Structure formats: structure tokens, C-alpha cells
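Colleague: Got a structure here, written out as C-alpha cells. Questions coming.
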Amino acid sequence: MSRSLAALAALTVLLPAAANASQVAHCPDVDGPRFAGARYPLLGGTDVDAVDVDDDGVLDLVTVGDSVIRTLLGNGNGHFEPGPISGLEEDAEFHAFVDLTKDGVVDLVYQHSDSSVPGMLEILVGTGDGGFVHQGTIAAFFAQNIASGDFDGDGEVDLVMGAYSRDEILVREGLGGGNFRTERTVPTSGDVRDIQLRDVDDDGRQDLLYLLKNSGSVFVQRGFGNGYFAPEEEFAFTGSPQHVALGDWDGDGESDLIAALTWQDRVVVRRGDGSSGFHPEELIASVQRPQRLLIGDWNADGNLDIATSEETGSDALIQILGAGDGTVASSRSISGSSGLWCLVPGDVDGDGVVDVIARDIDRYCTVFFAEAGAGLQGLLEDARDVSGYDMQLRDMDEDGVLDVVTASYAGEALQVLRGT
């Protein structure tokens, strides 16, 4: 799910000439993949989704914004042709691509950007050729974010949304065919600013996991599996969590809450207690202004590890390797470039170990390669001029190597860096 942040105005999509391919700078004496860059001017759109919109089994590129959906259709070798352009009823604020009709073709649900008008959750059904047609509008108060899943167990796509300034979550149970039951509201104790559908208590049912504006807690409402949720539970932290992840930090088979307390300079955990609750907060590591929070297994030892970025000072990537028992095996700062904006996991070099790719405020795309037994390594790859709020890792040319997809700040280009 992405948030559209800039206008999409032009009606023509141009293919890149070879002279327009982005320059790639490589660090010397480094063995690893190289990224060949190509820019696709879109004249709008700062976010990008990589989804198969024409049902040919090949990933395509889509931007949503300023009352327009634009597509670049992939041909399976990392190149793209201009695809259909579909109109929106209004500009999209938050959107999600999901198969609402269960026909194998992705559909689009989006929230209007006009917060003064209720009843503005729009449904567009995919036509199978990359286009979308408007199916209808369903009543919904202005939402701040959208999460999709199946929390009533009927196999249909359901939606939950954080209601803007209303201290409640909006629930829409799917009926199939892009239709939904009447909206229900789930009360919360504040303004929901981030929401996830996760199995917090490992009972096989989706729960609501969310943060509230100006709160020092993480909140959970446990799902009954029938579309309804238990009352809100609050799990307090000693600061204000800006990012939260769910994973088994101590290796006991229970899910733990891991949080970045940005303004308190800490990454902390509340470990699952085996009774659907969480133990008191414990410090994992002190990090200067942790901005992002990513979990994975960077050294392939079977234990959960953490990566985060610092806002100030060294502008480094911080690697925290878990010992598998709730303690830190090692922690180190890895030199990066200025202001790592987003962190994305993926096995870039195909060695079976998950790497971390980052994009910084100076428009550089950096790969931190992970090695079994060692973890994330230093600044190894540097691709110039990768600007944008949104970045994804996908195998766009179906060669078994992950590629980088990003969209620019000003919305003038969509860029693909193909891994070789």
C-alpha cells in the first residue's frame, strides 16, 4: 500500500532512450550484482506499485494520483511499454491493490483525498488488460490508512481503515465481487495513525495492531475470526513508538513486540509471555534517533536480527544481531550515506541470505549485502540518482535476480534498476 504524494498530469508515457539510463557508480574490488538503470518519464507520481495488472504473469508498474492511474506493462525482460490510463473519480490519498473479485486480476480500492466529504472509498475493478473501471463508491469516513486481509474467515478480502480524527477503526467485511457489508466502527482510545492486520497471539486469526497519534503505546484488538474483535488492549512503552514490528526475538515460539522509540534513542522489545500478553519493556540497543525498523535474519543463523537507521550523526545503518534467546549477539554501525530514507529486505545476490537495500536523501540506492555467519556488510553498491518516496524490490525481468523500482520526488520519472 502506498500513499500518493504528487500529481500525475500528462497523458503520455515515454520510453527511455539509452542516453537517459541512470549512471551507476560501483565501489572497487567488490564482487556482487550490478544494477543497470533505466528511467521511464511519467510526469507525475511519487509512489509506485509493482503488480501484474494485465494478468499475463509478468509484473507491471503502476502509479496512482491526481485522478489518474498510469501503467507501464512489463514484457518479462525488464522493459516496459506504455499501458492503459484509467481515470479516478477523485485524487487518491491512500490505496491498495487487491483481487476483490477473485478472478486473478488485481483491483483497486482507494480513499479520496478530500477529508471534508464522507462516503468516498472508491472501488475500481481490473479489466485484465491493465485498465480499471469504476464499480462504485462505498460509504466510509475519511481514513488515514488501509489494510486488507481476511479477518472473518470466509475467503473474501476485508478492509480495515484508521478513521481520521474519529478515535475509531472502520471495518468493511468483503462479500466478494468487490462488494462489502455495511461499514462498522471499532472504537479506539485515540487517532489511529498506523494499522496492521497481524496474528499477534499466534492463534491463526488476524488481529488489529496499531499505533495512535501522540501515544506511548502499541495497541492490539484480538480477532475472533468472525469479523469481530475483542476490546482494545494497551501495551505501554517508555517513549513514543514510531515504528513497530512483530517477530520472535527470543526464539521461544511466541511473537514479541519490537519498537523504535525515535525520540528516546532506543530500540526496545516487549517479549510475548505465552499467555497472549507481553512482558515489560526491555532495551535491545541504544540508537541515535532510530528512523526505520526492519527485521530479518542477516547472518543466516536462524535467529531474528534487526536493522535500523540513524537520523543524525553518522547517518549509519545499525545492525543488531540477535542471539536467539532475547539478547544481542553483536551490534555495530555500518557506514552509509546521508539520511537513509527507507529500508527494504531482499536477497539481491541470490545467495539465500536476505540483504538490505536503502535509499537516502541524496538520491543514492545502497545495497548492504548480507553474508552467512557475518551479517550485513558495508557500503558495497552505489547507484546514482534514485529519487523517490517509494521503493520496491521485485524480479521485473524474471531472471531470478531482484531489481529495484522507485519513483521520483517531483514525479517526472519512474526508474528501474535491473540486477545483473
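The way I read the labels, and the way they are meant: chains A, B, ... in the order of the C-alpha cells, residue 1 as the first residue of every chain, and ligand 1 as the first ligand shown, with later ones counted on from there.
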For region 183-190 of chain A, please output as a short mmCIF file (atom, residue, chain, number, x, y, z; two decimals) with N, CA and C atoms, in the first residue's frame all residues within 12 Å (counting only C-alpha atoms; exclusion window: fewer than 6 positions along the same chain).
Modeller:
data_model
loop_
_atom_site.label_atom_id
_atom_site.label_comp_id
_atom_site.auth_asym_id
_atom_site.auth_seq_id
_atom_site.Cartn_x
_atom_site.Cartn_y
_atom_site.Cartn_z
N GLY A 119 -18.15 9.07 2.60
CA GLY A 119 -18.64 8.17 1.57
C GLY A 119 -17.76 8.13 0.35
N LEU A 121 -14.88 6.00 -0.38
CA LEU A 121 -13.99 4.87 -0.63
C LEU A 121 -14.40 4.27 -1.96
N ILE A 138 -18.30 3.18 -1.79
CA ILE A 138 -18.87 2.66 -0.56
C ILE A 138 -18.66 3.68 0.55
N ALA A 139 -19.62 3.75 1.43
CA ALA A 139 -19.59 4.74 2.49
C ALA A 139 -18.41 4.48 3.42
N ALA A 140 -17.67 5.54 3.69
CA ALA A 140 -16.54 5.44 4.62
C ALA A 140 -16.14 6.84 5.03
N PHE A 141 -15.96 7.04 6.31
CA PHE A 141 -15.39 8.30 6.75
C PHE A 141 -13.94 8.37 6.29
N ALA A 143 -10.28 8.08 5.86
CA ALA A 143 -9.35 7.16 6.50
C ALA A 143 -7.92 7.64 6.34
N ASP A 158 -11.25 -8.46 3.14
CA ASP A 158 -11.85 -7.49 4.07
C ASP A 158 -10.92 -6.29 4.20
N LEU A 159 -11.48 -5.17 4.65
CA LEU A 159 -10.71 -3.94 4.79
C LEU A 159 -10.85 -3.38 6.20
N VAL A 160 -9.75 -2.83 6.71
CA VAL A 160 -9.81 -2.02 7.92
C VAL A 160 -9.09 -0.71 7.63
N MET A 161 -9.59 0.36 8.23
CA MET A 161 -9.05 1.69 7.99
C MET A 161 -9.04 2.48 9.29
N GLY A 162 -7.99 3.26 9.48
CA GLY A 162 -7.96 4.16 10.62
C GLY A 162 -8.72 5.43 10.30
N ALA A 163 -9.78 5.71 11.03
CA ALA A 163 -10.62 6.88 10.74
C ALA A 163 -9.92 8.16 11.18
N TYR A 164 -9.92 9.13 10.32
CA TYR A 164 -9.24 10.40 10.58
C TYR A 164 -9.93 11.18 11.69
N SER A 165 -9.20 11.42 12.78
CA SER A 165 -9.68 12.26 13.91
C SER A 165 -11.01 11.78 14.48
N ARG A 166 -11.26 10.46 14.47
CA ARG A 166 -12.53 9.96 14.98
C ARG A 166 -12.37 8.91 16.08
N ASP A 167 -11.15 8.58 16.46
CA ASP A 167 -10.90 7.62 17.53
C ASP A 167 -11.62 6.30 17.29
N GLU A 168 -11.50 5.79 16.07
CA GLU A 168 -12.11 4.52 15.76
C GLU A 168 -11.50 3.93 14.49
N ILE A 169 -11.69 2.63 14.33
CA ILE A 169 -11.26 1.91 13.14
C ILE A 169 -12.50 1.53 12.34
N LEU A 170 -12.43 1.73 11.04
CA LEU A 170 -13.54 1.40 10.16
C LEU A 170 -13.34 -0.01 9.61
N VAL A 171 -14.36 -0.82 9.68
CA VAL A 171 -14.29 -2.22 9.27
C VAL A 171 -15.26 -2.47 8.13
N ARG A 172 -14.74 -3.10 7.07
CA ARG A 172 -15.57 -3.46 5.93
C ARG A 172 -15.33 -4.93 5.60
N GLU A 173 -16.32 -5.79 5.84
CA GLU A 173 -16.20 -7.20 5.50
C GLU A 173 -16.60 -7.42 4.05
N GLY A 174 -15.73 -8.14 3.32
CA GLY A 174 -15.96 -8.38 1.91
C GLY A 174 -17.03 -9.43 1.67
N LEU A 208 -5.91 -6.78 15.08
CA LEU A 208 -5.59 -5.39 14.77
C LEU A 208 -4.39 -4.97 15.60
N LEU A 209 -3.34 -4.50 14.94
CA LEU A 209 -2.15 -3.97 15.60
C LEU A 209 -1.96 -2.55 15.11
N TYR A 210 -1.92 -1.58 16.02
CA TYR A 210 -1.89 -0.20 15.55
C TYR A 210 -1.22 0.73 16.55
N LEU A 211 -0.84 1.90 16.04
CA LEU A 211 -0.30 2.98 16.85
C LEU A 211 -1.29 4.14 16.84
N LEU A 212 -1.26 4.92 17.90
CA LEU A 212 -2.11 6.10 17.99
C LEU A 212 -1.25 7.36 18.00
N LYS A 213 -1.80 8.42 17.47
CA LYS A 213 -1.10 9.69 17.44
C LYS A 213 -0.85 10.18 18.87
N ASN A 214 0.38 10.65 19.11
CA ASN A 214 0.77 11.21 20.41
C ASN A 214 0.60 10.22 21.55
N SER A 215 0.87 8.95 21.28
CA SER A 215 0.74 7.93 22.32
C SER A 215 2.06 7.24 22.54
N GLY A 216 2.27 6.75 23.74
CA GLY A 216 3.47 6.00 24.08
C GLY A 216 3.21 4.51 24.16
N SER A 217 2.26 4.01 23.39
CA SER A 217 1.87 2.60 23.49
C SER A 217 1.65 2.00 22.11
N VAL A 218 1.64 0.68 22.09
CA VAL A 218 1.17 -0.10 20.95
C VAL A 218 -0.15 -0.73 21.37
N PHE A 219 -1.10 -0.78 20.45
CA PHE A 219 -2.44 -1.24 20.79
C PHE A 219 -2.81 -2.47 19.96
N VAL A 220 -3.56 -3.36 20.59
CA VAL A 220 -3.97 -4.60 19.96
C VAL A 220 -5.45 -4.83 20.23
N GLN A 221 -6.18 -5.25 19.20
CA GLN A 221 -7.52 -5.80 19.37
C GLN A 221 -7.52 -7.18 18.73
N ARG A 222 -7.74 -8.18 19.52
CA ARG A 222 -7.61 -9.56 19.06
C ARG A 222 -8.85 -10.00 18.28
N GLY A 223 -8.59 -10.64 17.15
CA GLY A 223 -9.68 -11.08 16.31
C GLY A 223 -10.28 -12.39 16.78
N GLY A 227 -14.86 -11.72 12.09
CA GLY A 227 -15.03 -10.33 11.69
C GLY A 227 -15.09 -9.36 12.85
N TYR A 228 -15.14 -9.87 14.06
CA TYR A 228 -15.23 -9.01 15.24
C TYR A 228 -13.95 -9.12 16.07
N PHE A 229 -13.76 -8.12 16.91
CA PHE A 229 -12.51 -8.01 17.65
C PHE A 229 -12.80 -7.74 19.13
N ALA A 230 -11.92 -8.25 19.97
CA ALA A 230 -12.02 -8.01 21.40
C ALA A 230 -11.68 -6.55 21.70
N PRO A 231 -12.06 -6.06 22.87
CA PRO A 231 -11.75 -4.66 23.23
C PRO A 231 -10.26 -4.38 23.17
N GLU A 232 -9.95 -3.13 23.03
CA GLU A 232 -8.58 -2.66 22.89
C GLU A 232 -7.71 -3.00 24.11
N GLU A 233 -6.51 -3.47 23.82
CA GLU A 233 -5.51 -3.69 24.86
C GLU A 233 -4.34 -2.75 24.59
N GLU A 234 -3.81 -2.18 25.64
CA GLU A 234 -2.71 -1.23 25.51
C GLU A 234 -1.44 -1.83 26.09
#
Colleague: Would you list the contacts of region 103-110 of chain A as a PDB file with N, CA, C and O atoms, in the first residue's frame, taking every protein, DNA or RNA residue within 9 Å and counting only C-alpha atoms, but skipping same-chain residues closer than 5 positions in sequence?
Modeller:
ATOM      1  N   VAL A  51       2.821  -4.645  -9.663  1.00  0.00           N
ATOM      2  CA  VAL A  51       1.776  -5.669  -9.630  1.00  0.00           C
ATOM      3  C   VAL A  51       1.483  -6.099 -11.064  1.00  0.00           C
ATOM      4  O   VAL A  51       1.785  -5.384 -12.020  1.00  0.00           O
ATOM      5  N   ASP A  52       0.907  -7.269 -11.223  1.00  0.00           N
ATOM      6  CA  ASP A  52       0.519  -7.768 -12.539  1.00  0.00           C
ATOM      7  C   ASP A  52      -0.900  -7.308 -12.827  1.00  0.00           C
ATOM      8  O   ASP A  52      -1.875  -7.928 -12.399  1.00  0.00           O
ATOM      9  N   VAL A  53      -1.021  -6.209 -13.582  1.00  0.00           N
ATOM     10  CA  VAL A  53      -2.348  -5.633 -13.822  1.00  0.00           C
ATOM     11  C   VAL A  53      -3.017  -6.173 -15.083  1.00  0.00           C
ATOM     12  O   VAL A  53      -4.222  -5.984 -15.270  1.00  0.00           O
ATOM     13  N   ASP A  54      -2.243  -6.830 -15.975  1.00  0.00           N
ATOM     14  CA  ASP A  54      -2.847  -7.331 -17.209  1.00  0.00           C
ATOM     15  C   ASP A  54      -2.922  -8.855 -17.252  1.00  0.00           C
ATOM     16  O   ASP A  54      -3.177  -9.440 -18.310  1.00  0.00           O
ATOM     17  N   ASP A  55      -2.688  -9.512 -16.126  1.00  0.00           N
ATOM     18  CA  ASP A  55      -2.922 -10.950 -15.970  1.00  0.00           C
ATOM     19  C   ASP A  55      -2.117 -11.789 -16.963  1.00  0.00           C
ATOM     20  O   ASP A  55      -2.604 -12.803 -17.463  1.00  0.00           O
ATOM     21  N   ASP A  91      -8.838  12.419  -6.649  1.00  0.00           N
ATOM     22  CA  ASP A  91      -7.461  12.044  -6.354  1.00  0.00           C
ATOM     23  C   ASP A  91      -7.422  11.073  -5.182  1.00  0.00           C
ATOM     24  O   ASP A  91      -8.232  11.151  -4.261  1.00  0.00           O
ATOM     25  N   ALA A  92      -6.476  10.142  -5.235  1.00  0.00           N
ATOM     26  CA  ALA A  92      -6.363   9.108  -4.213  1.00  0.00           C
ATOM     27  C   ALA A  92      -5.413   9.540  -3.119  1.00  0.00           C
ATOM     28  O   ALA A  92      -4.312  10.007  -3.389  1.00  0.00           O
ATOM     29  N   GLU A  93      -5.832   9.359  -1.879  1.00  0.00           N
ATOM     30  CA  GLU A  93      -4.975   9.644  -0.733  1.00  0.00           C
ATOM     31  C   GLU A  93      -4.246   8.379  -0.286  1.00  0.00           C
ATOM     32  O   GLU A  93      -3.040   8.347  -0.200  1.00  0.00           O
ATOM     33  N   PHE A  94      -4.997   7.313  -0.011  1.00  0.00           N
ATOM     34  CA  PHE A  94      -4.420   6.005   0.305  1.00  0.00           C
ATOM     35  C   PHE A  94      -5.054   4.981  -0.631  1.00  0.00           C
ATOM     36  O   PHE A  94      -6.236   5.075  -0.946  1.00  0.00           O
ATOM     37  N   HIS A  95      -4.248   3.991  -1.035  1.00  0.00           N
ATOM     38  CA  HIS A  95      -4.813   2.999  -1.937  1.00  0.00           C
ATOM     39  C   HIS A  95      -4.180   1.643  -1.693  1.00  0.00           C
ATOM     40  O   HIS A  95      -3.121   1.522  -1.075  1.00  0.00           O
ATOM     41  N   ALA A  96      -4.858   0.602  -2.194  1.00  0.00           N
ATOM     42  CA  ALA A  96      -4.353  -0.758  -2.091  1.00  0.00           C
ATOM     43  C   ALA A  96      -4.803  -1.541  -3.321  1.00  0.00           C
ATOM     44  O   ALA A  96      -5.945  -1.413  -3.765  1.00  0.00           O
ATOM     45  N   PHE A  97      -3.883  -2.351  -3.867  1.00  0.00           N
ATOM     46  CA  PHE A  97      -4.217  -3.257  -4.958  1.00  0.00           C
ATOM     47  C   PHE A  97      -4.489  -4.635  -4.367  1.00  0.00           C
ATOM     48  O   PHE A  97      -3.622  -5.240  -3.734  1.00  0.00           O
ATOM     49  N   VAL A  98      -5.701  -5.123  -4.567  1.00  0.00           N
ATOM     50  CA  VAL A  98      -6.104  -6.445  -4.076  1.00  0.00           C
ATOM     51  C   VAL A  98      -7.052  -7.066  -5.099  1.00  0.00           C
ATOM     52  O   VAL A  98      -7.680  -6.355  -5.883  1.00  0.00           O
ATOM     53  N   MET A 120     -16.433   8.182   0.553  1.00  0.00           N
ATOM     54  CA  MET A 120     -15.535   8.322  -0.579  1.00  0.00           C
ATOM     55  C   MET A 120     -14.489   7.226  -0.666  1.00  0.00           C
ATOM     56  O   MET A 120     -13.337   7.476  -0.978  1.00  0.00           O
ATOM     57  N   LEU A 121     -14.877   6.001  -0.383  1.00  0.00           N
ATOM     58  CA  LEU A 121     -13.993   4.874  -0.625  1.00  0.00           C
ATOM     59  C   LEU A 121     -14.402   4.274  -1.964  1.00  0.00           C
ATOM     60  O   LEU A 121     -15.505   3.758  -2.103  1.00  0.00           O
ATOM     61  N   GLU A 122     -13.518   4.371  -2.946  1.00  0.00           N
ATOM     62  CA  GLU A 122     -13.860   4.002  -4.314  1.00  0.00           C
ATOM     63  C   GLU A 122     -13.332   2.609  -4.647  1.00  0.00           C
ATOM     64  O   GLU A 122     -12.234   2.222  -4.229  1.00  0.00           O
ATOM     65  N   ILE A 123     -14.103   1.862  -5.427  1.00  0.00           N
ATOM     66  CA  ILE A 123     -13.731   0.531  -5.881  1.00  0.00           C
ATOM     67  C   ILE A 123     -13.597   0.555  -7.396  1.00  0.00           C
ATOM     68  O   ILE A 123     -14.525   0.944  -8.112  1.00  0.00           O
ATOM     69  N   LEU A 124     -12.430   0.145  -7.903  1.00  0.00           N
ATOM     70  CA  LEU A 124     -12.213   0.000  -9.334  1.00  0.00           C
ATOM     71  C   LEU A 124     -11.820  -1.445  -9.617  1.00  0.00           C
ATOM     72  O   LEU A 124     -10.953  -2.002  -8.939  1.00  0.00           O
ATOM     73  N   VAL A 125     -12.468  -2.042 -10.603  1.00  0.00           N
ATOM     74  CA  VAL A 125     -12.224  -3.441 -10.944  1.00  0.00           C
ATOM     75  C   VAL A 125     -11.266  -3.510 -12.128  1.00  0.00           C
ATOM     76  O   VAL A 125     -11.432  -2.790 -13.123  1.00  0.00           O
ATOM     77  N   GLY A 126     -10.254  -4.379 -12.019  1.00  0.00           N
ATOM     78  CA  GLY A 126      -9.317  -4.555 -13.114  1.00  0.00           C
ATOM     79  C   GLY A 126      -9.956  -5.233 -14.306  1.00  0.00           C
ATOM     80  O   GLY A 126     -10.755  -6.167 -14.160  1.00  0.00           O
ATOM     81  N   THR A 127      -9.608  -4.767 -15.500  1.00  0.00           N
ATOM     82  CA  THR A 127     -10.202  -5.301 -16.723  1.00  0.00           C
ATOM     83  C   THR A 127      -9.369  -6.434 -17.328  1.00  0.00           C
ATOM     84  O   THR A 127      -9.794  -7.064 -18.288  1.00  0.00           O
ATOM     85  N   GLY A 128      -8.178  -6.668 -16.783  1.00  0.00           N
ATOM     86  CA  GLY A 128      -7.343  -7.748 -17.274  1.00  0.00           C
ATOM     87  C   GLY A 128      -6.356  -7.349 -18.338  1.00  0.00           C
ATOM     88  O   GLY A 128      -5.496  -8.146 -18.737  1.00  0.00           O
ATOM     89  N   PHE A 132      -8.663  -0.177 -15.594  1.00  0.00           N
ATOM     90  CA  PHE A 132      -9.562  -0.289 -14.451  1.00  0.00           C
ATOM     91  C   PHE A 132     -10.857   0.449 -14.764  1.00  0.00           C
ATOM     92  O   PHE A 132     -10.847   1.497 -15.413  1.00  0.00           O
ATOM     93  N   ILE A 146      -5.077   2.141   5.007  1.00  0.00           N
ATOM     94  CA  ILE A 146      -5.911   0.998   4.664  1.00  0.00           C
ATOM     95  C   ILE A 146      -5.078  -0.269   4.810  1.00  0.00           C
ATOM     96  O   ILE A 146      -3.935  -0.322   4.359  1.00  0.00           O
ATOM     97  N   GLY A 177     -16.794 -10.128  -5.210  1.00  0.00           N
ATOM     98  CA  GLY A 177     -17.190  -9.321  -6.356  1.00  0.00           C
ATOM     99  C   GLY A 177     -16.971  -7.845  -6.179  1.00  0.00           C
ATOM    100  O   GLY A 177     -17.563  -7.036  -6.911  1.00  0.00           O
ATOM    101  N   GLY A 178     -16.132  -7.454  -5.207  1.00  0.00           N
ATOM    102  CA  GLY A 178     -15.904  -6.043  -4.947  1.00  0.00           C
ATOM    103  C   GLY A 178     -16.978  -5.390  -4.121  1.00  0.00           C
ATOM    104  O   GLY A 178     -17.025  -4.154  -4.016  1.00  0.00           O
TER     105      GLY A 178
END
Colleague: When you look at region 262-269 of chain A with a cut-off of 7 Å (counting only C-alpha atoms), what residues show up, excluding the ones that are within fewer than 2 positions of it in the same chain? I need them as a PyMOL selection string.
Modeller: chain A and resi 239+241-242+256-260+271+281-291
Colleague: For Ser86 (chain A), which residue among A:Glu311, A:Glu156, A:Asp248, A:Asp129 is the nearest when counting only C-alpha atoms?
Modeller: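 Counting only C-alpha atoms, the residue closest to Ser86 (chain A) is A:Asp129.
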Colleague: One number please: CA of Leu100 (chain A) to CA of Gly83 (chain A), in Å, one decimal.
Modeller: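 Computing the Euclidean distance for CA of Leu100 (chain A) and CA of Gly83 (chain A) yields 21.6 Å.
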Colleague: Region 70-75 of chain A: which residues within 8 Å, counting only C-alpha atoms, same-chain residues fewer than 4 positions away excluded, as a list in words?
Modeller: Val53, Asp54, Val58, Leu59, Asp60, Leu61, Val62, Thr63, Val64, His79, Phe80, Glu81, Pro82, Gly83, Pro84, Ile85, Ser86, Gly130, Met396 and Asp397 of chain A
Colleague: Can you work out the spacing between CA of Phe151 (chain A) and CA of Val192 (chain A) in Å, to one decimal?
Modeller: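 For CA of Phe151 (chain A) relative to CA of Val192 (chain A), the distance reads 18.8 Å.
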Colleague: Could you please write out, as a ChimeraX atom specification, every residue of region 65-239 of chain A that DSSP assigns to strand (DSSP E)?
Modeller: /A:65,68-74,80-87,92-98,107-112,121-126,132-138,143-149,158-163,168-172,174-176,179-180,184-187,192-198,207-212,217-221,233-236
Colleague: Please, what distance in Å, to one decimal, runs between CA of Ala307 (chain A) and CA of Val200 (chain A)?
Modeller: 21.2 Å
